[in-house]
Structure formats: C-alpha cells, structure tokens
Amino acid sequence: MIEDYTALSNAPNSPELNGKYLGLISSDFIKVADSLKEAAYQIKKRGFSDFPIFVCSQREIEIGQKLIGVAELNENKWNYHASLLEEFIQRKLVAEENRELFEQNYKDVEEFACLFVVDGQFTNFVFIPYPDEA
C-alpha cells in the first residue's frame with residue numbers, strides 16, 4: 001500500500017525521483033503526452049473519475065486498461081495503462097483514509113499527467129506537465 005504522499009506535493013521533483021527516472025520518464029512521456037492528455041480528458045468528461053492515473057511500467061502490469069504498449073507510439077519505451085484513483089483504492093494501493101490527501105495534492109488534469117511509475121522496487125506517483133502546445 002502506498003502511504004507516503006510527499007511525492008504528490010512536490011513531484012515531479014521528489015527527492016526519491018532521481019535524475020535517472022526523471023530523464024527516462026520525461027523523454028518517453030513527450031512521445032505519448034498527447035494521447036495521455038486526451039485519455040485523461042475523456043475519463044473526466046465521461047464521468048469515470050476526476051482523478052485519472054496512468055500506470056507507467058516497462059514490463060506488463062495488471063492495473064488499469066492498457067493504452068499504449070512499448071514501441072507503439074514514436075518508439076516509446078514504457079507501457080501506459082489508464083486507471084483511476086477509485087481502482088487504486090479498491091486494490092488497496094492507496095488507503096481509503098488517504099483519499100482526501102491524495103485528492104488535495106492531485107494537480108490540474110488539464111496541465112499535468114498523474115503517472116504511477118513501476119520499475120522493479122521503485123514505485124512512485126509523479127505529476128509531469130504536458131508539453132506546451134505550439
């Protein structure tokens with residue numbers, strides 16, 4: 001269960017998010033950002049959740065619905081699954097008693113993607129801004 005929400009308030013610059021992950025995630029995120037932004041918009045617009053979460057992993061994972069597989073979009077290196085805060089609570093990845101704290105720290109869905117990064121022993125929430133549209 002994820003109980004440390006310090007990364008939520010200061011991500012993407014969490015002390016636990018070292019340069020290796022920030023670089024890997026950022027360079028891959030740019031390749032899929034438009035698709036994730038559209039998915040977040042649809043999740044919210046259709047009333048599924050106000051708190052979409054994208055699970056980001058390099059191996060197959062059983063959380064959410066797969067949106068983008070490795071090398072499916074611009075040679076991306078990560079899998080991306082669409083999930084919701086509600087699924088994280090149901091699966092006990094986020095404790096029900098921490099829901100309010102999570103919601104308070106959740107960033108604007110139109111400006112940031114909420115990623116749940118899973119890589120080996122490293123798991124963390126990261127809020128990463130969508131690239132500015134030119």
# chains A, B, ... in the order shown; residues from 1 in each chain; ligands from 1
$ closest_atom_pairs --of "range 50-89 of chain A" --to "range 107-120 of chain A" --cutoff "9 Å" --atoms "only C-alpha atoms" --output "JSON lines"
{"residue": "A:Asp50", "atom": "CA", "partner": "A:Val109", "partner_atom": "CA", "distance": 8.1}
{"residue": "A:Phe51", "atom": "CA", "partner": "A:Val109", "partner_atom": "CA", "distance": 7.6}
{"residue": "A:Pro52", "atom": "CA", "partner": "A:Cys114", "partner_atom": "CA", "distance": 7.0}
{"residue": "A:Ile53", "atom": "CA", "partner": "A:Cys114", "partner_atom": "CA", "distance": 5.1}
{"residue": "A:Phe54", "atom": "CA", "partner": "A:Leu115", "partner_atom": "CA", "distance": 4.7}
{"residue": "A:Val55", "atom": "CA", "partner": "A:Phe116", "partner_atom": "CA", "distance": 4.7}
{"residue": "A:Cys56", "atom": "CA", "partner": "A:Val117", "partner_atom": "CA", "distance": 4.8}
{"residue": "A:Ser57", "atom": "CA", "partner": "A:Val118", "partner_atom": "CA", "distance": 5.0}
{"residue": "A:Gln58", "atom": "CA", "partner": "A:Asp119", "partner_atom": "CA", "distance": 6.8}
{"residue": "A:Arg59", "atom": "CA", "partner": "A:Asp119", "partner_atom": "CA", "distance": 8.1}
{"residue": "A:Ile61", "atom": "CA", "partner": "A:Val118", "partner_atom": "CA", "distance": 8.8}
{"residue": "A:Tyr80", "atom": "CA", "partner": "A:Leu115", "partner_atom": "CA", "distance": 8.9}
$ closest_atom_pairs --of "range 59-118 of chain A" --to "range 31-36 of chain A" --cutoff "7 Å" --atoms "only C-alpha atoms" --output "Markdown table"
| residue | atom | partner | partner_atom | distance |
| --- | --- | --- | --- | --- |
| A:Leu73 | CA | A:Val32 | CA | 6.7 |
| A:Asn74 | CA | A:Lys31 | CA | 5.9 |
| A:Asn76 | CA | A:Lys31 | CA | 6.3 |
$ select_by_dssp --residues "chain A" --states "strand (DSSP E or B)" --output "PyMOL selection string"
chain A and resi 2+52-57+65-68+79-84+94+112-119+122-129
$ atom_distance --atom1 "CA of Asn98 in chain A" --atom2 "CA of Tyr130 in chain A"
26.0 Å
$ residues_around --residues "Gly69 in chain A" --least-positions-apart "3" --cutoff "7 Å" --atoms "only C-alpha atoms" --output "list in words"
Glu72, Trp78, Asn79 and Tyr80 of chain A
$ write_last_selection --atoms "C-alpha atoms" --output "PDB file, in the first residue's frame"
ATOM      1  CA  GLU A  72       3.575   1.511 -30.169  1.00  0.00           C
ATOM      2  CA  TRP A  78       7.219   2.255 -21.451  1.00  0.00           C
ATOM      3  CA  ASN A  79       3.749   0.706 -21.246  1.00  0.00           C
ATOM      4  CA  TYR A  80       0.966   3.071 -20.226  1.00  0.00           C
TER       5      TYR A  80
END
$ atom_distance --atom1 "CA of Arg99 in chain A" --atom2 "CA of Lys66 in chain A"
24.0 Å
$ select_by_dssp --residues "range 9-108 of chain A" --states "helix (DSSP H, G or I)" --output "ChimeraX atom specification"
/A:9-10,19-45,85-90,96-105
$ write_last_selection --atoms "N, CA and C atoms" --output "short mmCIF file (atom, residue, chain, number, x, y, z; two decimals), in the first residue's frame"
data_model
loop_
_atom_site.label_atom_id
_atom_site.label_comp_id
_atom_site.auth_asym_id
_atom_site.auth_seq_id
_atom_site.Cartn_x
_atom_site.Cartn_y
_atom_site.Cartn_z
N SER A 9 3.04 16.22 -3.37
CA SER A 9 3.02 17.66 -3.21
C SER A 9 4.18 18.35 -3.91
N ASN A 10 5.28 17.64 -4.13
CA ASN A 10 6.41 18.31 -4.76
C ASN A 10 6.88 17.64 -6.04
N GLY A 19 17.55 11.53 -10.88
CA GLY A 19 17.73 12.01 -12.24
C GLY A 19 17.53 10.94 -13.29
N LYS A 20 17.90 9.71 -12.99
CA LYS A 20 17.74 8.61 -13.93
C LYS A 20 16.27 8.47 -14.30
N TYR A 21 15.39 8.39 -13.31
CA TYR A 21 13.98 8.20 -13.60
C TYR A 21 13.37 9.44 -14.24
N LEU A 22 13.74 10.60 -13.75
CA LEU A 22 13.17 11.81 -14.31
C LEU A 22 13.51 11.92 -15.79
N GLY A 23 14.75 11.61 -16.15
CA GLY A 23 15.15 11.66 -17.55
C GLY A 23 14.45 10.61 -18.40
N LEU A 24 14.41 9.37 -17.90
CA LEU A 24 13.75 8.28 -18.65
C LEU A 24 12.28 8.56 -18.85
N ILE A 25 11.63 8.98 -17.80
CA ILE A 25 10.20 9.22 -17.87
C ILE A 25 9.89 10.42 -18.76
N SER A 26 10.62 11.50 -18.57
CA SER A 26 10.36 12.71 -19.35
C SER A 26 10.56 12.49 -20.84
N SER A 27 11.65 11.82 -21.22
CA SER A 27 11.92 11.62 -22.64
C SER A 27 10.87 10.71 -23.27
N ASP A 28 10.37 9.75 -22.53
CA ASP A 28 9.33 8.86 -23.06
C ASP A 28 7.97 9.55 -23.03
N PHE A 29 7.71 10.30 -21.99
CA PHE A 29 6.42 10.97 -21.81
C PHE A 29 6.10 11.89 -22.99
N ILE A 30 7.10 12.60 -23.48
CA ILE A 30 6.88 13.52 -24.60
C ILE A 30 6.30 12.79 -25.80
N LYS A 31 6.68 11.54 -25.99
CA LYS A 31 6.22 10.76 -27.14
C LYS A 31 4.74 10.38 -27.03
N VAL A 32 4.23 10.29 -25.82
CA VAL A 32 2.85 9.80 -25.61
C VAL A 32 1.94 10.84 -24.96
N ALA A 33 2.47 12.02 -24.68
CA ALA A 33 1.74 13.03 -23.90
C ALA A 33 0.37 13.38 -24.50
N ASP A 34 0.31 13.57 -25.80
CA ASP A 34 -0.98 13.95 -26.41
C ASP A 34 -2.03 12.86 -26.21
N SER A 35 -1.62 11.62 -26.35
CA SER A 35 -2.56 10.50 -26.16
C SER A 35 -3.03 10.41 -24.71
N LEU A 36 -2.11 10.61 -23.77
CA LEU A 36 -2.48 10.56 -22.35
C LEU A 36 -3.38 11.73 -21.98
N LYS A 37 -3.09 12.89 -22.51
CA LYS A 37 -3.91 14.07 -22.22
C LYS A 37 -5.34 13.86 -22.71
N GLU A 38 -5.48 13.31 -23.91
CA GLU A 38 -6.80 13.03 -24.46
C GLU A 38 -7.52 11.97 -23.62
N ALA A 39 -6.80 10.95 -23.20
CA ALA A 39 -7.41 9.90 -22.37
C ALA A 39 -7.87 10.48 -21.03
N ALA A 40 -7.06 11.34 -20.41
CA ALA A 40 -7.45 11.96 -19.14
C ALA A 40 -8.70 12.81 -19.33
N TYR A 41 -8.75 13.55 -20.42
CA TYR A 41 -9.91 14.38 -20.72
C TYR A 41 -11.17 13.51 -20.86
N GLN A 42 -11.06 12.41 -21.60
CA GLN A 42 -12.21 11.53 -21.80
C GLN A 42 -12.66 10.86 -20.50
N ILE A 43 -11.70 10.46 -19.68
CA ILE A 43 -12.04 9.83 -18.39
C ILE A 43 -12.85 10.80 -17.54
N LYS A 44 -12.40 12.05 -17.50
CA LYS A 44 -13.10 13.04 -16.69
C LYS A 44 -14.43 13.44 -17.34
N LYS A 45 -14.42 13.70 -18.65
CA LYS A 45 -15.63 14.14 -19.36
C LYS A 45 -16.75 13.11 -19.27
N LEU A 85 -8.20 6.78 -9.51
CA LEU A 85 -7.99 6.74 -8.07
C LEU A 85 -8.86 5.66 -7.44
N GLU A 86 -10.08 5.53 -7.93
CA GLU A 86 -11.00 4.55 -7.37
C GLU A 86 -10.46 3.12 -7.48
N GLU A 87 -9.81 2.80 -8.59
CA GLU A 87 -9.22 1.47 -8.73
C GLU A 87 -8.05 1.30 -7.76
N PHE A 88 -7.26 2.35 -7.58
CA PHE A 88 -6.13 2.27 -6.64
C PHE A 88 -6.63 2.04 -5.21
N ILE A 89 -7.76 2.64 -4.87
CA ILE A 89 -8.34 2.42 -3.54
C ILE A 89 -8.90 1.00 -3.45
N GLN A 90 -9.59 0.57 -4.47
CA GLN A 90 -10.16 -0.78 -4.49
C GLN A 90 -9.07 -1.84 -4.36
N GLU A 96 -7.94 3.97 1.79
CA GLU A 96 -9.16 4.79 1.79
C GLU A 96 -9.00 6.02 2.67
N GLU A 97 -8.34 5.86 3.81
CA GLU A 97 -8.18 7.00 4.71
C GLU A 97 -7.25 8.07 4.15
N ASN A 98 -6.54 7.75 3.06
CA ASN A 98 -5.65 8.73 2.42
C ASN A 98 -6.26 9.35 1.16
N ARG A 99 -7.50 8.99 0.87
CA ARG A 99 -8.17 9.53 -0.32
C ARG A 99 -8.17 11.05 -0.33
N GLU A 100 -8.60 11.65 0.75
CA GLU A 100 -8.71 13.11 0.79
C GLU A 100 -7.36 13.77 0.57
N LEU A 101 -6.32 13.25 1.18
CA LEU A 101 -4.98 13.78 1.00
C LEU A 101 -4.54 13.66 -0.46
N PHE A 102 -4.80 12.52 -1.07
CA PHE A 102 -4.47 12.31 -2.48
C PHE A 102 -5.20 13.34 -3.33
N GLU A 103 -6.49 13.50 -3.11
CA GLU A 103 -7.29 14.43 -3.90
C GLU A 103 -6.81 15.87 -3.73
N GLN A 104 -6.42 16.25 -2.53
CA GLN A 104 -5.93 17.61 -2.28
C GLN A 104 -4.62 17.88 -3.02
N ASN A 105 -3.80 16.85 -3.16
CA ASN A 105 -2.49 17.02 -3.79
C ASN A 105 -2.49 16.74 -5.29
#
$ atom_distance --atom1 "CA of Phe48 in chain A" --atom2 "CA of His81 in chain A"
15.0 Å
